[in-house]
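To start, the structure under review is shown below, and the notes come after it.
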Amino acid sequence: MKQFAIIGLGSFGFYLATRLYQKGHEVIAIDKDASLIQEIRDQVTQAIIADATDAKALEAIGLRAMDAAIVCMGSILSESILATLNLKEIGCKVVYAKAHSESHGRILEKIGATEVLFPEKDQAIQLAERLHTPNMLDFLPFAEDHAIVQLTIPKPFVGKSLKDINLINRFGIQVVAVQEVLPDRLNMIPKADYVLKKGDNLIILGPNRSIEKLRKNYPE
């Protein structure tokens, strides 16, 4: 169990806070809007009315011991920036901060944010990839120019083994798991002799250019 502080209870902050609490973590939710605190108070460990632009208020809550603080504040960039700066100055070692633009993100990085989040941008990229590739179920950027992708297996792969389709040598793509339908299970690091069945989903890791090459060769 870890301890998290969620600063700002817009949609992103609200869902993040309640989900982490559901996962069994201690969650302190902070917002200056009393109505939002009232709404979330029974769905987190502690809900506190406080202004995150006030460093003394944050320090009084005792956030220094948190495993991470996440700034999810709204569209007033100065408040987001000041909250991030305050968290670093009171001793929070790990601070995630939501950014609304690339320039906003650069400022957050310069004042010490451990990681800058672009939820709208990331969701747009994921949706664009799924619309571009209809059999893609999920797209997760992994490292620079690499991604983890879950996709339904193309029809020509049905009945063939992983050794037969040979994705690593043909495309430079590694199969890290197969989500089986019958039986319903996740087969991690499947062996080369695993035979793909209709309905299976491949979870693959590789360079974006290789994933695009695979998509063009097997569009469905």
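Residue names in the structure tokens use chain letters A, B, ... in the order shown, residue numbers from 1 in each chain, and ligand numbers from 1 in the order shown.
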
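Surrounding region 86-102 of chain A within 7 Å are A:Ala55, A:Glu59, A:Leu63, A:Arg64, A:Asp67, A:Ala68, A:Ala69, A:Ile70, A:Val71, A:Cys72, A:Leu82, A:Ala83, A:Thr84, A:His104, A:Gly105, A:Arg106, A:Gly112, A:Ala113, A:Thr114, A:Glu115, A:Val116, A:Leu117, A:Phe118, with only C-alpha atoms counted and residues fewer than 2 positions along the same chain left out.
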
Could you please take those selected residues and save C-alpha atoms as a tab-separated table (two decimals), in the first residue's frame?
```tsv
chain	number	residue	atom	x	y	z
A	55	ALA	CA	2.77	26.47	0.61
A	59	GLU	CA	3.04	21.78	4.55
A	63	LEU	CA	2.54	15.78	2.30
A	64	ARG	CA	6.30	15.32	2.57
A	67	ASP	CA	5.01	8.33	-2.08
A	68	ALA	CA	3.89	10.76	-4.76
A	69	ALA	CA	1.88	13.94	-5.17
A	70	ILE	CA	-0.03	14.49	-8.41
A	71	VAL	CA	-1.02	18.00	-9.48
A	72	CYS	CA	-4.24	17.70	-11.52
A	82	LEU	CA	2.75	27.37	-8.11
A	83	ALA	CA	1.29	24.18	-6.63
A	84	THR	CA	4.05	22.10	-8.23
A	104	HIS	CA	3.22	24.59	-19.77
A	105	GLY	CA	4.94	21.20	-19.58
A	106	ARG	CA	8.39	22.72	-20.09
A	112	GLY	CA	11.18	20.22	-10.70
A	113	ALA	CA	8.20	18.06	-11.69
A	114	THR	CA	9.32	14.43	-11.69
A	115	GLU	CA	7.11	13.70	-14.69
A	116	VAL	CA	4.76	15.84	-16.74
A	117	LEU	CA	1.45	14.31	-17.83
A	118	PHE	CA	-0.42	15.14	-21.03
```

Those in region 19-217 of chain A with strand (DSSP E) from DSSP, as number ranges by chain
A: 26-31, 46-49, 68-71, 95-98, 115-117, 136-143, 146-152, 174-180, 185-188, 201-207

Taking 2 positions as the minimum chain separation for residues in the same chain, which residues sit within 12 Å of Lys163 (chain A) when counting only C-alpha atoms? Answer as a list in words.
Phe157, Gly159, Lys160, Ser161, Ile165, Asn166, Leu167, Ile168, Asn169, Arg170, Gln174, Val175, Pro190, Lys191, Ala192, Asp193, Tyr194, Val195 and Leu196 of chain A

Take the residues from that selection and put them in a file with N, CA and C atoms, as a PDB file, in the first residue's frame.
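Everything below was put into result-v3.pdb:
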```pdb
ATOM      1  N   PHE A 157      -2.738 -15.326 -39.496  1.00  0.00           N
ATOM      2  CA  PHE A 157      -1.963 -15.888 -38.384  1.00  0.00           C
ATOM      3  C   PHE A 157      -2.679 -17.044 -37.692  1.00  0.00           C
ATOM      4  N   GLY A 159      -3.993 -20.413 -36.613  1.00  0.00           N
ATOM      5  CA  GLY A 159      -3.519 -21.768 -36.877  1.00  0.00           C
ATOM      6  C   GLY A 159      -2.020 -21.875 -37.038  1.00  0.00           C
ATOM      7  N   LYS A 160      -1.331 -20.747 -36.957  1.00  0.00           N
ATOM      8  CA  LYS A 160       0.123 -20.768 -37.093  1.00  0.00           C
ATOM      9  C   LYS A 160       0.782 -20.539 -35.729  1.00  0.00           C
ATOM     10  N   SER A 161       1.986 -21.057 -35.580  1.00  0.00           N
ATOM     11  CA  SER A 161       2.721 -20.863 -34.337  1.00  0.00           C
ATOM     12  C   SER A 161       3.455 -19.527 -34.379  1.00  0.00           C
ATOM     13  N   ILE A 165       5.065 -17.329 -37.683  1.00  0.00           N
ATOM     14  CA  ILE A 165       4.862 -15.940 -38.101  1.00  0.00           C
ATOM     15  C   ILE A 165       6.149 -15.115 -37.930  1.00  0.00           C
ATOM     16  N   ASN A 166       7.023 -15.530 -37.016  1.00  0.00           N
ATOM     17  CA  ASN A 166       8.394 -15.020 -36.928  1.00  0.00           C
ATOM     18  C   ASN A 166       8.458 -13.484 -36.914  1.00  0.00           C
ATOM     19  N   LEU A 167       7.699 -12.872 -36.031  1.00  0.00           N
ATOM     20  CA  LEU A 167       7.626 -11.411 -36.005  1.00  0.00           C
ATOM     21  C   LEU A 167       8.955 -10.756 -35.637  1.00  0.00           C
ATOM     22  N   ILE A 168       9.737 -11.418 -34.784  1.00  0.00           N
ATOM     23  CA  ILE A 168      10.983 -10.800 -34.336  1.00  0.00           C
ATOM     24  C   ILE A 168      11.973 -10.633 -35.481  1.00  0.00           C
ATOM     25  N   ASN A 169      12.055 -11.615 -36.373  1.00  0.00           N
ATOM     26  CA  ASN A 169      13.002 -11.530 -37.487  1.00  0.00           C
ATOM     27  C   ASN A 169      12.427 -10.769 -38.687  1.00  0.00           C
ATOM     28  N   ARG A 170      11.115 -10.887 -38.895  1.00  0.00           N
ATOM     29  CA  ARG A 170      10.496 -10.234 -40.051  1.00  0.00           C
ATOM     30  C   ARG A 170      10.249  -8.753 -39.825  1.00  0.00           C
ATOM     31  N   GLN A 174       8.622  -7.988 -30.797  1.00  0.00           N
ATOM     32  CA  GLN A 174       8.623  -9.055 -29.801  1.00  0.00           C
ATOM     33  C   GLN A 174       7.211  -9.297 -29.275  1.00  0.00           C
ATOM     34  N   VAL A 175       6.779 -10.558 -29.295  1.00  0.00           N
ATOM     35  CA  VAL A 175       5.497 -10.921 -28.686  1.00  0.00           C
ATOM     36  C   VAL A 175       5.743 -11.129 -27.198  1.00  0.00           C
ATOM     37  N   PRO A 190       4.960 -16.242 -24.266  1.00  0.00           N
ATOM     38  CA  PRO A 190       4.580 -17.548 -24.833  1.00  0.00           C
ATOM     39  C   PRO A 190       5.745 -18.192 -25.578  1.00  0.00           C
ATOM     40  N   LYS A 191       5.748 -19.509 -25.589  1.00  0.00           N
ATOM     41  CA  LYS A 191       6.804 -20.248 -26.279  1.00  0.00           C
ATOM     42  C   LYS A 191       6.604 -20.163 -27.789  1.00  0.00           C
ATOM     43  N   ALA A 192       7.679 -20.416 -28.505  1.00  0.00           N
ATOM     44  CA  ALA A 192       7.662 -20.294 -29.968  1.00  0.00           C
ATOM     45  C   ALA A 192       6.683 -21.254 -30.619  1.00  0.00           C
ATOM     46  N   ASP A 193       6.391 -22.378 -29.951  1.00  0.00           N
ATOM     47  CA  ASP A 193       5.490 -23.372 -30.558  1.00  0.00           C
ATOM     48  C   ASP A 193       4.014 -23.105 -30.230  1.00  0.00           C
ATOM     49  N   TYR A 194       3.722 -21.974 -29.552  1.00  0.00           N
ATOM     50  CA  TYR A 194       2.325 -21.650 -29.262  1.00  0.00           C
ATOM     51  C   TYR A 194       1.578 -21.392 -30.578  1.00  0.00           C
ATOM     52  N   VAL A 195       0.449 -22.067 -30.755  1.00  0.00           N
ATOM     53  CA  VAL A 195      -0.348 -21.937 -31.974  1.00  0.00           C
ATOM     54  C   VAL A 195      -1.487 -20.950 -31.722  1.00  0.00           C
ATOM     55  N   LEU A 196      -1.553 -19.928 -32.557  1.00  0.00           N
ATOM     56  CA  LEU A 196      -2.551 -18.877 -32.399  1.00  0.00           C
ATOM     57  C   LEU A 196      -3.938 -19.354 -32.796  1.00  0.00           C
TER      58      LEU A 196
END
```

For region 6-22 of chain A, please output as an mmCIF file with C-alpha atoms, in the first residue's frame all residues within 8 Å (counting only C-alpha atoms; exclusion window: fewer than 4 positions along the same chain).
```cif
data_model
loop_
_atom_site.group_PDB
_atom_site.id
_atom_site.type_symbol
_atom_site.label_atom_id
_atom_site.label_comp_id
_atom_site.auth_asym_id
_atom_site.auth_seq_id
_atom_site.Cartn_x
_atom_site.Cartn_y
_atom_site.Cartn_z
ATOM 1 C CA GLU A 26 -4.104 5.677 0.979
ATOM 2 C CA VAL A 27 -5.268 8.753 -0.906
ATOM 3 C CA ILE A 28 -5.456 12.344 0.282
ATOM 4 C CA ALA A 29 -7.626 14.432 -2.044
ATOM 5 C CA ILE A 30 -7.106 18.197 -1.935
ATOM 6 C CA ASP A 31 -9.097 20.999 -3.545
ATOM 7 C CA LEU A 36 -15.789 18.738 -4.769
ATOM 8 C CA ILE A 37 -14.365 17.690 -1.397
ATOM 9 C CA ILE A 40 -15.274 12.631 -2.947
ATOM 10 C CA GLN A 43 -14.279 7.569 -1.802
ATOM 11 C CA VAL A 44 -10.778 8.383 -0.538
ATOM 12 C CA THR A 45 -8.843 8.085 2.719
ATOM 13 C CA ALA A 52 -2.468 24.360 -3.158
ATOM 14 C CA ALA A 69 1.884 13.943 -5.173
ATOM 15 C CA ILE A 70 -0.031 14.488 -8.410
ATOM 16 C CA VAL A 71 -1.020 17.997 -9.482
ATOM 17 C CA CYS A 72 -4.237 17.697 -11.516
ATOM 18 C CA MET A 73 -5.337 21.314 -11.347
ATOM 19 C CA GLY A 74 -7.477 23.081 -13.916
#
```

At a cut-off of 9 Å, using only C-alpha atoms, what residues contact Ile204 (chain A)? Leave out same-chain residues fewer than 5 positions from it and give the result as a PyMOL selection string.
chain A and resi 147-151+173-178+211

Could you save the residues just selected, with N, CA and C atoms, as a PDB file, in the first residue's frame?
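Listing of selection_28.pdb after writing:
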```pdb
ATOM      1  N   ALA A 147       6.510   1.288 -28.789  1.00  0.00           N
ATOM      2  CA  ALA A 147       5.187   1.190 -28.171  1.00  0.00           C
ATOM      3  C   ALA A 147       4.873  -0.254 -27.821  1.00  0.00           C
ATOM      4  N   ILE A 148       3.963  -0.402 -26.865  1.00  0.00           N
ATOM      5  CA  ILE A 148       3.353  -1.701 -26.566  1.00  0.00           C
ATOM      6  C   ILE A 148       1.941  -1.653 -27.126  1.00  0.00           C
ATOM      7  N   VAL A 149       1.598  -2.641 -27.940  1.00  0.00           N
ATOM      8  CA  VAL A 149       0.321  -2.640 -28.643  1.00  0.00           C
ATOM      9  C   VAL A 149      -0.395  -3.961 -28.415  1.00  0.00           C
ATOM     10  N   GLN A 150      -1.684  -3.876 -28.175  1.00  0.00           N
ATOM     11  CA  GLN A 150      -2.529  -5.075 -28.131  1.00  0.00           C
ATOM     12  C   GLN A 150      -3.425  -5.063 -29.355  1.00  0.00           C
ATOM     13  N   LEU A 151      -3.401  -6.140 -30.119  1.00  0.00           N
ATOM     14  CA  LEU A 151      -4.209  -6.198 -31.327  1.00  0.00           C
ATOM     15  C   LEU A 151      -4.765  -7.593 -31.537  1.00  0.00           C
ATOM     16  N   ILE A 173       9.688  -7.160 -34.040  1.00  0.00           N
ATOM     17  CA  ILE A 173       8.645  -7.022 -33.023  1.00  0.00           C
ATOM     18  C   ILE A 173       8.668  -8.234 -32.104  1.00  0.00           C
ATOM     19  N   GLN A 174       8.622  -7.988 -30.797  1.00  0.00           N
ATOM     20  CA  GLN A 174       8.623  -9.055 -29.801  1.00  0.00           C
ATOM     21  C   GLN A 174       7.211  -9.297 -29.275  1.00  0.00           C
ATOM     22  N   VAL A 175       6.779 -10.558 -29.295  1.00  0.00           N
ATOM     23  CA  VAL A 175       5.497 -10.921 -28.686  1.00  0.00           C
ATOM     24  C   VAL A 175       5.743 -11.129 -27.198  1.00  0.00           C
ATOM     25  N   VAL A 176       5.159 -10.284 -26.361  1.00  0.00           N
ATOM     26  CA  VAL A 176       5.382 -10.386 -24.921  1.00  0.00           C
ATOM     27  C   VAL A 176       4.281 -11.180 -24.221  1.00  0.00           C
ATOM     28  N   ALA A 177       3.105 -11.296 -24.871  1.00  0.00           N
ATOM     29  CA  ALA A 177       2.010 -12.059 -24.265  1.00  0.00           C
ATOM     30  C   ALA A 177       0.943 -12.344 -25.311  1.00  0.00           C
ATOM     31  N   VAL A 178       0.143 -13.350 -25.015  1.00  0.00           N
ATOM     32  CA  VAL A 178      -1.044 -13.647 -25.818  1.00  0.00           C
ATOM     33  C   VAL A 178      -2.237 -13.691 -24.866  1.00  0.00           C
ATOM     34  N   ILE A 211       5.827  -1.563 -36.161  1.00  0.00           N
ATOM     35  CA  ILE A 211       4.406  -1.804 -35.928  1.00  0.00           C
ATOM     36  C   ILE A 211       3.591  -1.310 -37.116  1.00  0.00           C
TER      37      ILE A 211
END
```

Who sits within 12 Å of Glu144 (chain A), only C-alpha atoms, same chain under 5 positions skipped, as a list in words
Gly206, Pro207, Asn208 and Arg209 of chain A

Pick out the closest residue to Met1 (chain A) from this set: A:Phe171, A:Met66, A:Ile111, A:Leu77. Count only C-alpha atoms.
A:Met66

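Restricting the calculation to only C-alpha atoms, the smallest distance between Lys23 (chain A) and any of A:Gln3, A:Ile48, A:Lys198, A:Ala65 is found for A:Gln3.
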
Just list as an NGL selection string whatever in region 9-119 of chain A DSSP marks as alpha helix (DSSP H).
:A and (11-22 or 34-40 or 55-61 or 77-89 or 102-110 or 119)
